[in-house]
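K.L.:
If it helps, the file is called my_file.cif and holds mmCIF, C-alpha atoms:
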data_entry
loop_
_atom_site.label_atom_id
_atom_site.label_comp_id
_atom_site.auth_asym_id
_atom_site.auth_seq_id
_atom_site.Cartn_x
_atom_site.Cartn_y
_atom_site.Cartn_z
CA MET A 1 -44.99 87.93 25.55
CA TRP A 2 -43.31 86.72 22.35
CA TRP A 3 -39.84 87.74 23.54
CA LYS A 4 -40.29 85.68 26.71
CA ILE A 5 -41.14 82.65 24.60
CA ILE A 6 -38.00 83.23 22.49
CA LEU A 7 -35.82 83.54 25.61
CA ILE A 8 -37.25 80.33 27.02
CA ALA A 9 -36.65 78.54 23.71
CA VAL A 10 -33.08 79.81 23.44
CA GLY A 11 -32.41 78.85 27.05
CA SER A 12 -33.75 75.36 26.42
CA ILE A 13 -31.53 74.95 23.35
CA ILE A 14 -28.45 76.06 25.32
CA VAL A 15 -29.25 73.65 28.16
CA MET A 16 -29.73 70.79 25.69
CA ALA A 17 -26.46 71.62 23.91
CA VAL A 18 -24.50 71.77 27.16
CA SER A 19 -26.10 68.53 28.34
CA SER A 20 -25.22 66.80 25.06
CA VAL A 21 -21.58 67.90 25.27
CA THR A 22 -21.39 66.76 28.89
CA ILE A 23 -22.82 63.36 27.98
CA GLY A 24 -20.37 63.08 25.07
CA ASN A 25 -17.44 63.86 27.37
CA ILE A 26 -18.60 61.26 29.89
CA ILE A 27 -18.90 58.58 27.18
CA PHE A 28 -15.44 59.41 25.81
CA LYS A 29 -13.88 59.36 29.28
CA ARG A 30 -15.44 56.01 30.12
CA LYS A 31 -14.14 54.56 26.86
CA VAL A 32 -10.53 55.67 27.37
CA ASN A 33 -10.58 54.74 31.07
CA SER A 34 -11.64 51.23 30.08
CA GLU A 35 -8.84 51.08 27.50
CA VAL A 36 -6.25 52.25 30.04
CA ALA A 37 -7.42 49.68 32.57
CA GLU A 38 -7.16 46.90 29.98
CA LEU A 39 -3.71 48.05 28.87
CA LEU A 40 -2.36 48.06 32.41
CA THR A 41 -3.64 44.57 33.17
CA LYS A 42 -1.13 43.29 30.58
CA VAL A 43 1.94 44.56 32.48
CA ARG A 44 4.46 41.78 33.06
CA GLU A 45 7.42 42.14 35.41
CA THR A 46 10.91 41.61 34.02
CA LYS A 47 13.30 39.13 35.61
CA SER A 48 15.84 41.76 36.70
CA ASN A 49 14.34 44.87 38.28
CA ILE A 50 17.47 47.02 38.81
CA ILE A 51 19.49 48.66 36.04
CA THR A 52 23.19 47.95 36.45
CA GLU A 53 26.38 48.95 34.66
CA GLU A 54 26.76 45.32 33.60
CA GLY A 55 23.33 45.48 31.98
CA LEU A 56 24.54 48.20 29.60
CA GLU A 57 27.15 45.96 27.99
CA GLY A 58 26.59 45.64 24.25
CA LEU A 59 24.82 48.98 23.89
CA PRO A 60 26.44 51.66 21.70
CA GLU A 61 28.55 54.02 23.82
CA PRO A 62 26.32 57.12 23.34
CA VAL A 63 23.28 55.12 24.49
CA GLN A 64 25.18 53.99 27.58
CA LYS A 65 26.13 57.61 28.27
CA TYR A 66 22.48 58.65 27.98
CA LEU A 67 21.38 56.06 30.52
CA ARG A 68 24.11 57.24 32.88
CA TYR A 69 23.26 60.91 32.28
CA THR A 70 19.58 60.37 33.07
CA GLY A 71 20.51 58.72 36.37
CA ALA A 72 18.86 55.42 35.43
CA ILE A 73 21.70 53.25 36.81
CA GLY A 74 20.68 51.75 40.14
CA LYS A 75 17.00 52.51 39.54
CA GLU A 76 14.17 50.03 38.99
CA LYS A 77 13.34 49.09 35.44
CA THR A 78 10.17 50.78 34.25
CA GLU A 79 7.13 48.57 33.72
CA ALA A 80 4.40 51.23 33.69
CA VAL A 81 4.37 55.00 33.26
CA ARG A 82 1.90 57.80 33.81
CA LEU A 83 2.95 61.03 32.13
CA LYS A 84 1.38 64.49 31.92
CA GLN A 85 2.17 67.07 29.28
CA LYS A 86 0.99 70.31 27.75
CA GLY A 87 1.72 71.99 24.46
CA SER A 88 0.23 73.08 21.16
CA PHE A 89 -0.71 71.31 17.94
CA ARG A 90 -1.57 72.32 14.39
CA GLN A 91 -2.65 70.61 11.22
CA GLY A 92 -1.69 72.02 7.84
CA ASP A 93 -2.08 75.78 7.70
CA ARG A 94 -4.58 75.86 10.57
CA PRO A 95 -3.84 77.85 13.76
CA TRP A 96 -1.98 76.30 16.70
CA MET A 97 -4.29 74.70 19.28
CA PRO A 98 -3.22 74.47 22.95
CA PHE A 99 -3.69 71.08 24.57
CA GLU A 100 -3.20 69.18 27.79
CA ALA A 101 -2.65 65.44 27.75
CA GLU A 102 -2.14 62.41 29.91
CA GLN A 103 -0.35 59.33 28.66
CA TYR A 104 0.04 55.77 29.91
CA TYR A 105 2.74 53.32 28.84
CA THR A 106 3.70 49.75 29.49
CA THR A 107 7.12 48.40 28.52
CA ASN A 108 6.52 44.66 28.68
CA PRO A 109 4.64 44.46 26.34
CA PRO A 110 5.25 47.84 24.63
CA SER A 111 2.07 49.90 24.47
CA PHE A 112 0.66 53.36 25.14
CA ILE A 113 -2.51 55.42 25.30
CA TRP A 114 -2.38 59.21 24.85
CA ILE A 115 -5.46 61.19 25.88
CA ALA A 116 -5.59 64.87 24.91
CA ASP A 117 -7.95 67.80 25.38
CA MET A 118 -7.35 70.35 22.59
CA LYS A 119 -8.86 73.83 22.64
CA ALA A 120 -9.89 74.44 19.04
CA PHE A 121 -11.97 77.52 19.97
CA PRO A 122 -12.78 79.22 23.31
CA LEU A 123 -15.96 77.19 23.71
CA LEU A 124 -15.01 74.11 21.70
CA SER A 125 -12.84 71.27 22.97
CA VAL A 126 -11.55 68.50 20.71
CA LYS A 127 -10.86 65.13 22.33
CA GLY A 128 -7.98 63.06 21.00
CA ARG A 129 -6.84 59.53 21.80
CA ASP A 130 -3.78 57.92 20.19
CA MET A 131 -3.17 54.28 21.06
CA TYR A 132 -0.63 51.52 20.40
CA TYR A 133 -1.83 48.23 21.86
CA GLN A 134 -1.11 44.59 21.00
CA GLY A 135 0.95 45.72 18.01
CA LYS A 136 -1.84 47.83 16.52
CA GLY A 137 -2.31 51.59 16.35
CA ASN A 138 -5.48 53.67 16.40
CA MET A 139 -5.92 57.44 16.25
CA LEU A 140 -9.32 58.69 17.43
CA ILE A 141 -10.40 62.35 17.34
CA LYS A 142 -13.84 63.54 18.43
CA ILE A 143 -15.72 66.79 18.86
CA PRO A 144 -18.25 66.30 21.66
CA PRO A 145 -20.95 65.28 21.84
CA PHE A 146 -20.83 62.66 19.09
CA VAL A 147 -18.91 63.88 16.04
CA THR A 148 -15.97 61.67 15.02
CA ILE A 149 -13.31 63.56 13.06
CA ALA A 150 -10.90 60.64 12.67
CA ASP A 151 -10.75 56.96 13.56
CA ALA A 152 -7.61 55.86 11.72
CA ARG A 153 -6.31 52.29 11.66
CA GLY A 154 -4.19 50.14 9.39
CA LYS A 155 -0.59 49.21 8.66
CA GLU A 156 0.53 52.84 8.29
CA ILE A 157 -0.91 53.75 11.70
CA ASP A 158 0.68 50.61 13.19
CA GLN A 159 4.08 51.74 11.91
CA GLY A 160 3.56 55.36 12.96
CA THR A 161 2.57 54.50 16.51
CA LEU A 162 5.47 52.04 16.83
CA VAL A 163 7.89 54.80 15.78
CA ARG A 164 6.24 57.10 18.30
CA TYR A 165 6.67 54.54 21.06
CA LEU A 166 10.37 54.13 20.26
CA ASN A 167 10.77 57.92 20.32
CA GLU A 168 9.09 58.35 23.69
CA VAL A 169 11.21 55.70 25.39
CA MET A 170 13.49 58.69 26.04
CA TRP A 171 11.20 59.37 29.05
CA PHE A 172 11.61 55.87 30.51
CA PRO A 173 15.05 54.91 29.18
CA SER A 174 15.34 51.52 30.87
CA ALA A 175 13.09 50.25 28.04
CA TYR A 176 16.08 50.68 25.70
CA LEU A 177 17.32 47.44 27.29
CA ASN A 178 14.32 45.36 26.24
CA ASP A 179 14.73 42.57 23.69
CA TYR A 180 12.40 44.21 21.15
CA VAL A 181 14.95 47.05 20.65
CA LYS A 182 18.14 46.24 18.71
CA TRP A 183 21.06 48.66 18.45
CA GLU A 184 23.75 49.43 15.87
CA SER A 185 26.71 51.68 16.60
CA ILE A 186 27.30 54.59 14.21
CA ASP A 187 29.80 56.90 15.92
CA SER A 188 30.51 58.55 19.28
CA THR A 189 27.36 60.73 19.16
CA SER A 190 24.78 58.65 17.28
CA ALA A 191 23.30 55.17 17.15
CA LYS A 192 20.60 53.32 15.22
CA ALA A 193 17.69 51.71 17.08
CA THR A 194 15.36 49.15 15.49
CA ILE A 195 12.16 48.10 17.24
CA THR A 196 10.21 45.02 16.20
CA TYR A 197 6.88 44.02 17.67
CA GLY A 198 3.65 42.50 16.41
CA GLY A 199 5.12 41.80 12.98
CA VAL A 200 6.05 45.47 12.40
CA THR A 201 9.58 46.92 12.35
CA ALA A 202 10.69 50.55 12.57
CA SER A 203 14.11 52.19 12.85
CA ALA A 204 15.49 55.57 13.91
CA ILE A 205 18.79 57.37 14.32
CA LEU A 206 19.31 58.86 17.79
CA TYR A 207 21.69 61.78 18.21
CA PHE A 208 23.49 62.69 21.45
CA ASP A 209 25.83 65.44 22.64
CA ASP A 210 29.21 64.92 24.31
CA GLU A 211 27.60 65.12 27.77
CA GLY A 212 25.30 62.22 27.00
CA LYS A 213 22.03 64.10 26.41
CA LEU A 214 19.77 62.89 23.63
CA THR A 215 19.36 65.85 21.25
CA ASN A 216 17.33 64.49 18.32
CA PHE A 217 15.53 61.44 16.97
CA VAL A 218 15.08 60.98 13.21
CA ALA A 219 13.01 58.25 11.56
CA GLN A 220 10.93 57.41 8.52
CA ARG A 221 7.28 57.57 9.58
CA TYR A 222 3.98 57.51 7.74
CA MET A 223 2.32 60.93 7.48
CA MET A 224 -1.38 61.24 6.71
CA GLU A 225 -2.63 64.19 4.69
CA ASP A 226 -5.99 64.42 2.92
CA GLU A 227 -6.63 60.79 3.90
CA LYS A 228 -3.50 59.66 2.03
CA TYR A 229 -0.26 58.30 3.49
CA SER A 230 3.32 58.99 2.52
CA LEU A 231 6.55 57.85 4.18
CA GLU A 232 8.36 60.99 5.33
CA THR A 233 11.30 61.97 7.53
CA TRP A 234 10.16 62.76 11.07
CA ALA A 235 12.32 64.39 13.75
CA THR A 236 11.90 65.41 17.40
CA PRO A 237 14.60 67.95 18.36
CA ILE A 238 14.91 68.41 22.13
CA GLU A 239 15.14 71.86 23.70
CA GLU A 240 15.38 71.37 27.47
CA TYR A 241 16.12 68.85 30.22
CA ARG A 242 14.93 68.83 33.83
CA GLU A 243 14.99 66.42 36.75
CA ILE A 244 11.64 64.70 37.25
CA ASN A 245 11.03 61.92 39.75
CA GLY A 246 14.73 61.25 40.20
CA LEU A 247 15.72 61.21 36.51
CA ARG A 248 17.21 63.92 34.24
CA LEU A 249 14.93 63.80 31.23
CA PRO A 250 13.95 65.76 28.10
CA VAL A 251 11.02 68.00 29.00
CA LYS A 252 10.63 70.32 25.99
CA GLY A 253 10.74 69.63 22.29
CA GLU A 254 8.73 69.51 19.10
CA GLY A 255 7.71 67.15 16.33
CA VAL A 256 8.82 68.15 12.83
CA TRP A 257 8.00 66.72 9.42
CA LYS A 258 11.01 67.29 7.17
CA LEU A 259 9.29 67.61 3.80
CA ASP A 260 10.52 68.45 0.31
CA SER A 261 8.75 71.80 0.73
CA GLY A 262 10.65 72.49 3.97
CA ASP A 263 10.45 71.70 7.68
CA PHE A 264 6.94 71.63 9.15
CA PRO A 265 6.79 71.74 12.98
CA TYR A 266 3.33 70.51 13.97
CA ILE A 267 3.48 69.81 17.71
CA ARG A 268 5.25 71.42 20.69
CA VAL A 269 5.37 69.48 23.94
CA GLU A 270 6.37 70.14 27.54
CA ILE A 271 6.40 67.32 30.11
CA THR A 272 4.95 68.42 33.45
CA ASP A 273 4.98 65.19 35.47
CA ILE A 274 6.03 61.54 35.27
CA GLU A 275 5.30 58.65 37.63
CA TYR A 276 6.75 55.15 37.37
CA ASN A 277 5.57 51.70 38.42
CA ASN A 278 2.71 52.91 40.57
CA THR A 279 -0.30 51.19 39.10
CA SER A 280 -2.44 52.09 42.12
CA LEU A 281 -2.67 55.60 40.64
CA TYR A 282 -4.50 54.30 37.62
#
If you took the structure in this file and wrote it as structure tokens, what would it be?
P.N.:
Amino acid sequence: MWWKIILIAVGSIIVMAVSSVTIGNIIFKRKVNSEVAELLTKVRETKSNIITEEGLEGLPEPVQKYLRYTGAIGKEKTEAVRLKQKGSFRQGDRPWMPFEAEQYYTTNPPSFIWIADMKAFPLLSVKGRDMYYQGKGNMLIKIPPFVTIADARGKEIDQGTLVRYLNEVMWFPSAYLNDYVKWESIDSTSAKATITYGGVTASAILYFDDEGKLTNFVAQRYMMEDEKYSLETWATPIEEYREINGLRLPVKGEGVWKLDSGDFPYIRVEITDIEYNNTSLY
């Protein structure tokens, strides 16, 4: 009889563990859904909804070429975005973790929420949420049901998420035309972009090829390691373009910290879907 009692006890523990994880996932999903809903209520329409050749005047020539290459001319300006991606992520010398993510953006005001499901182990899923909202950043990482791995805030996170937003405008390039982005010409294949919002400023050099494709983005961004921050060079070389929803866009690339010890690629991303200005989907 004792073995039956043990089996019943083990079964009860498994049921309780599964139930706890399920409850944790539900709580996390409700939280991020509420955040997304709040973010999207702040969307404000711009005065001019169509991108024109005249609207590109004043931009550095390689940036104009990129907007033409993507097919953005004649399209509506982007106010809201829903994007899906997959890829892999690693931290330090730990193994690569596959992930799937969904991300929401607004362009007026600039903001985003990134929601990721990372497979740390076959039976363990890590939930991640990176957010830039009202000029503030927050990185939240949880292991269900209730273990918080990170809940990072502060001026370094604000700067890092602002740099990230400027980088990801490559997927909705009409936002390059917004007043919070200022441009400086460098040469025929590069330009400097500076974004200012919420009292924080960040800059990056964007590199393009002769065809007009964006090939790399290099900026100074705060990196966190062992709960300490350092300002490091961050790059996002692009590997592949594809047409999605009427635009030719970067769909594969990676994030690389360019450290004194050498380059450290830490994330690989592939875009699988993008939808624009359809808030009914949210």
K.L.:
To one decimal in Å, tell me the separation between CA of Met139 (chain A) and CA of Ile113 (chain A).
P.N.:
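A separation of 9.9 Å between them.
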K.L.:
My list of candidates is A:Ser125, A:Thr70, A:Gln91, A:Asn33. Which is closest to Pro265 (chain A) when distances are computed with only C-alpha atoms?
P.N.:
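Among A:Ser125, A:Thr70, A:Gln91, A:Asn33, it is A:Gln91 that comes nearest to Pro265 (chain A).
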K.L.:
From the options A:Lys228, A:Thr236, A:Asn49, A:Lys127, which residue's atoms come nearest to Lys31 (chain A), counting only C-alpha atoms?
P.N.:
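So, comparing all the options, the nearest one is A:Lys127.
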K.L.:
Please identify all polymer residues within 9 Å of Leu177 (chain A), counting all atoms listed in the file, omitting same-chain residues fewer than 4 positions from it, and present them as a PyMOL selection string.
P.N.:
chain A and resi 55-56+59+173+181-182
K.L.:
Which residue, A:Ser203, A:Ser88, A:Thr107, A:Thr52, has the smallest gap to Ala219 (chain A) when you use all atoms listed in the file?
P.N.:
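Closest to Ala219 (chain A), using all atoms listed in the file: A:Ser203.
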K.L.:
Return the single residue from A:Asp273, A:Arg268, A:Phe217, A:Lys192 that is closest to Pro98 (chain A), with distances computed using all atoms listed in the file.
P.N.:
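Checking each of A:Asp273, A:Arg268, A:Phe217, A:Lys192 against Pro98 (chain A), counting all atoms listed in the file, the winner is A:Arg268.
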K.L.:
Suppose a student applies the PyMOL selection byres ((chain A and resi 67) around 12) to this structure; what residues should they get, written as a PyMOL selection string?
P.N.:
chain A and resi 51-53+55-57+59-66+68-75+77+169-177+208+211-214+247-249
K.L.:
One number please: CA of Glu35 (chain A) to CA of Tyr222 (chain A), in Å, one decimal.
P.N.:
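Computing it gives 24.4 Å between the two atoms.
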K.L.:
Expand the PyMOL selection byres ((chain A and resi 109) around 9) into the explicit residue set it covers here, and present it as a PyMOL selection string.
P.N.:
chain A and resi 42-44+79+106-108+110-111+133-134+197
K.L.:
Quick one: distance from CA of Gly262 (chain A) to CA of Ser188 (chain A) in Å, one decimal?
P.N.:
28.7 Å
K.L.:
For Arg129 (chain A), work out the shell of residues within 12 Å, counting only C-alpha atoms and skipping chain neighbours fewer than 2 positions away, then give it as a short mmCIF file (atom, residue, chain, number, x, y, z; two decimals) with C-alpha atoms, keeping the file's coordinate frame.
P.N.:
data_model
loop_
_atom_site.label_atom_id
_atom_site.label_comp_id
_atom_site.auth_asym_id
_atom_site.auth_seq_id
_atom_site.Cartn_x
_atom_site.Cartn_y
_atom_site.Cartn_z
CA PHE A 28 -15.44 59.41 25.81
CA LYS A 29 -13.88 59.36 29.28
CA LYS A 31 -14.14 54.56 26.86
CA VAL A 32 -10.53 55.67 27.37
CA ASN A 33 -10.58 54.74 31.07
CA GLU A 35 -8.84 51.08 27.50
CA VAL A 36 -6.25 52.25 30.04
CA GLU A 100 -3.20 69.18 27.79
CA ALA A 101 -2.65 65.44 27.75
CA GLU A 102 -2.14 62.41 29.91
CA GLN A 103 -0.35 59.33 28.66
CA TYR A 104 0.04 55.77 29.91
CA PHE A 112 0.66 53.36 25.14
CA ILE A 113 -2.51 55.42 25.30
CA TRP A 114 -2.38 59.21 24.85
CA ILE A 115 -5.46 61.19 25.88
CA ALA A 116 -5.59 64.87 24.91
CA ASP A 117 -7.95 67.80 25.38
CA MET A 118 -7.35 70.35 22.59
CA VAL A 126 -11.55 68.50 20.71
CA LYS A 127 -10.86 65.13 22.33
CA MET A 131 -3.17 54.28 21.06
CA TYR A 132 -0.63 51.52 20.40
CA GLY A 137 -2.31 51.59 16.35
CA ASN A 138 -5.48 53.67 16.40
CA MET A 139 -5.92 57.44 16.25
CA LEU A 140 -9.32 58.69 17.43
CA ILE A 141 -10.40 62.35 17.34
CA LYS A 142 -13.84 63.54 18.43
CA ILE A 143 -15.72 66.79 18.86
CA THR A 148 -15.97 61.67 15.02
CA ILE A 149 -13.31 63.56 13.06
CA ALA A 150 -10.90 60.64 12.67
CA ASP A 151 -10.75 56.96 13.56
CA ALA A 152 -7.61 55.86 11.72
CA THR A 161 2.57 54.50 16.51
#
K.L.:
Mind rebuilding region 167-186 of chain A with N, CA, C and O atoms and writing that out as a PDB file, keeping the file's coordinate frame?
P.N.:
ATOM      1  N   ASN A 167      10.339  56.547  20.025  1.00  0.00           N
ATOM      2  CA  ASN A 167      10.770  57.920  20.320  1.00  0.00           C
ATOM      3  C   ASN A 167      10.577  58.263  21.786  1.00  0.00           C
ATOM      4  O   ASN A 167      11.466  58.831  22.427  1.00  0.00           O
ATOM      5  N   GLU A 168       9.441  57.897  22.349  1.00  0.00           N
ATOM      6  CA  GLU A 168       9.090  58.350  23.690  1.00  0.00           C
ATOM      7  C   GLU A 168       9.718  57.505  24.788  1.00  0.00           C
ATOM      8  O   GLU A 168       9.608  57.853  25.974  1.00  0.00           O
ATOM      9  N   VAL A 169      10.424  56.440  24.407  1.00  0.00           N
ATOM     10  CA  VAL A 169      11.210  55.700  25.390  1.00  0.00           C
ATOM     11  C   VAL A 169      12.250  56.600  26.050  1.00  0.00           C
ATOM     12  O   VAL A 169      12.738  56.308  27.148  1.00  0.00           O
ATOM     13  N   MET A 170      12.575  57.733  25.429  1.00  0.00           N
ATOM     14  CA  MET A 170      13.490  58.690  26.040  1.00  0.00           C
ATOM     15  C   MET A 170      13.039  59.098  27.448  1.00  0.00           C
ATOM     16  O   MET A 170      13.861  59.501  28.273  1.00  0.00           O
ATOM     17  N   TRP A 171      11.735  58.979  27.740  1.00  0.00           N
ATOM     18  CA  TRP A 171      11.200  59.370  29.050  1.00  0.00           C
ATOM     19  C   TRP A 171      11.204  58.227  30.055  1.00  0.00           C
ATOM     20  O   TRP A 171      10.958  58.440  31.242  1.00  0.00           O
ATOM     21  N   PHE A 172      11.445  57.025  29.608  1.00  0.00           N
ATOM     22  CA  PHE A 172      11.610  55.870  30.510  1.00  0.00           C
ATOM     23  C   PHE A 172      12.701  54.980  29.915  1.00  0.00           C
ATOM     24  O   PHE A 172      12.464  53.894  29.392  1.00  0.00           O
ATOM     25  N   PRO A 173      13.958  55.476  29.977  1.00  0.00           N
ATOM     26  CA  PRO A 173      15.050  54.910  29.180  1.00  0.00           C
ATOM     27  C   PRO A 173      15.445  53.482  29.499  1.00  0.00           C
ATOM     28  O   PRO A 173      16.153  52.867  28.707  1.00  0.00           O
ATOM     29  N   SER A 174      15.004  52.926  30.621  1.00  0.00           N
ATOM     30  CA  SER A 174      15.340  51.520  30.870  1.00  0.00           C
ATOM     31  C   SER A 174      14.747  50.603  29.812  1.00  0.00           C
ATOM     32  O   SER A 174      15.230  49.490  29.599  1.00  0.00           O
ATOM     33  N   ALA A 175      13.702  51.068  29.098  1.00  0.00           N
ATOM     34  CA  ALA A 175      13.090  50.250  28.040  1.00  0.00           C
ATOM     35  C   ALA A 175      14.020  50.072  26.845  1.00  0.00           C
ATOM     36  O   ALA A 175      13.797  49.189  26.009  1.00  0.00           O
ATOM     37  N   TYR A 176      15.073  50.897  26.742  1.00  0.00           N
ATOM     38  CA  TYR A 176      16.080  50.680  25.700  1.00  0.00           C
ATOM     39  C   TYR A 176      16.742  49.314  25.841  1.00  0.00           C
ATOM     40  O   TYR A 176      17.349  48.806  24.899  1.00  0.00           O
ATOM     41  N   LEU A 177      16.662  48.722  27.028  1.00  0.00           N
ATOM     42  CA  LEU A 177      17.320  47.440  27.290  1.00  0.00           C
ATOM     43  C   LEU A 177      16.458  46.243  26.914  1.00  0.00           C
ATOM     44  O   LEU A 177      16.936  45.109  26.989  1.00  0.00           O
ATOM     45  N   ASN A 178      15.220  46.473  26.533  1.00  0.00           N
ATOM     46  CA  ASN A 178      14.320  45.360  26.240  1.00  0.00           C
ATOM     47  C   ASN A 178      14.685  44.672  24.923  1.00  0.00           C
ATOM     48  O   ASN A 178      15.246  45.282  24.011  1.00  0.00           O
ATOM     49  N   ASP A 179      14.329  43.391  24.830  1.00  0.00           N
ATOM     50  CA  ASP A 179      14.730  42.570  23.690  1.00  0.00           C
ATOM     51  C   ASP A 179      14.141  43.069  22.367  1.00  0.00           C
ATOM     52  O   ASP A 179      14.702  42.778  21.304  1.00  0.00           O
ATOM     53  N   TYR A 180      13.013  43.774  22.407  1.00  0.00           N
ATOM     54  CA  TYR A 180      12.400  44.210  21.150  1.00  0.00           C
ATOM     55  C   TYR A 180      13.110  45.418  20.528  1.00  0.00           C
ATOM     56  O   TYR A 180      12.734  45.861  19.448  1.00  0.00           O
ATOM     57  N   VAL A 181      14.127  45.962  21.211  1.00  0.00           N
ATOM     58  CA  VAL A 181      14.950  47.050  20.650  1.00  0.00           C
ATOM     59  C   VAL A 181      16.343  46.517  20.364  1.00  0.00           C
ATOM     60  O   VAL A 181      17.007  45.986  21.257  1.00  0.00           O
ATOM     61  N   LYS A 182      16.794  46.646  19.108  1.00  0.00           N
ATOM     62  CA  LYS A 182      18.140  46.240  18.710  1.00  0.00           C
ATOM     63  C   LYS A 182      18.930  47.496  18.317  1.00  0.00           C
ATOM     64  O   LYS A 182      18.377  48.423  17.716  1.00  0.00           O
ATOM     65  N   TRP A 183      20.234  47.472  18.641  1.00  0.00           N
ATOM     66  CA  TRP A 183      21.060  48.660  18.450  1.00  0.00           C
ATOM     67  C   TRP A 183      22.210  48.387  17.486  1.00  0.00           C
ATOM     68  O   TRP A 183      22.761  47.290  17.444  1.00  0.00           O
ATOM     69  N   GLU A 184      22.563  49.439  16.726  1.00  0.00           N
ATOM     70  CA  GLU A 184      23.750  49.430  15.870  1.00  0.00           C
ATOM     71  C   GLU A 184      24.554  50.693  16.159  1.00  0.00           C
ATOM     72  O   GLU A 184      23.999  51.795  16.173  1.00  0.00           O
ATOM     73  N   SER A 185      25.844  50.530  16.373  1.00  0.00           N
ATOM     74  CA  SER A 185      26.710  51.680  16.600  1.00  0.00           C
ATOM     75  C   SER A 185      26.940  52.429  15.279  1.00  0.00           C
ATOM     76  O   SER A 185      27.083  51.811  14.222  1.00  0.00           O
ATOM     77  N   ILE A 186      26.967  53.766  15.373  1.00  0.00           N
ATOM     78  CA  ILE A 186      27.300  54.590  14.210  1.00  0.00           C
ATOM     79  C   ILE A 186      28.598  55.346  14.479  1.00  0.00           C
ATOM     80  O   ILE A 186      29.591  55.166  13.791  1.00  0.00           O
TER      81      ILE A 186
END
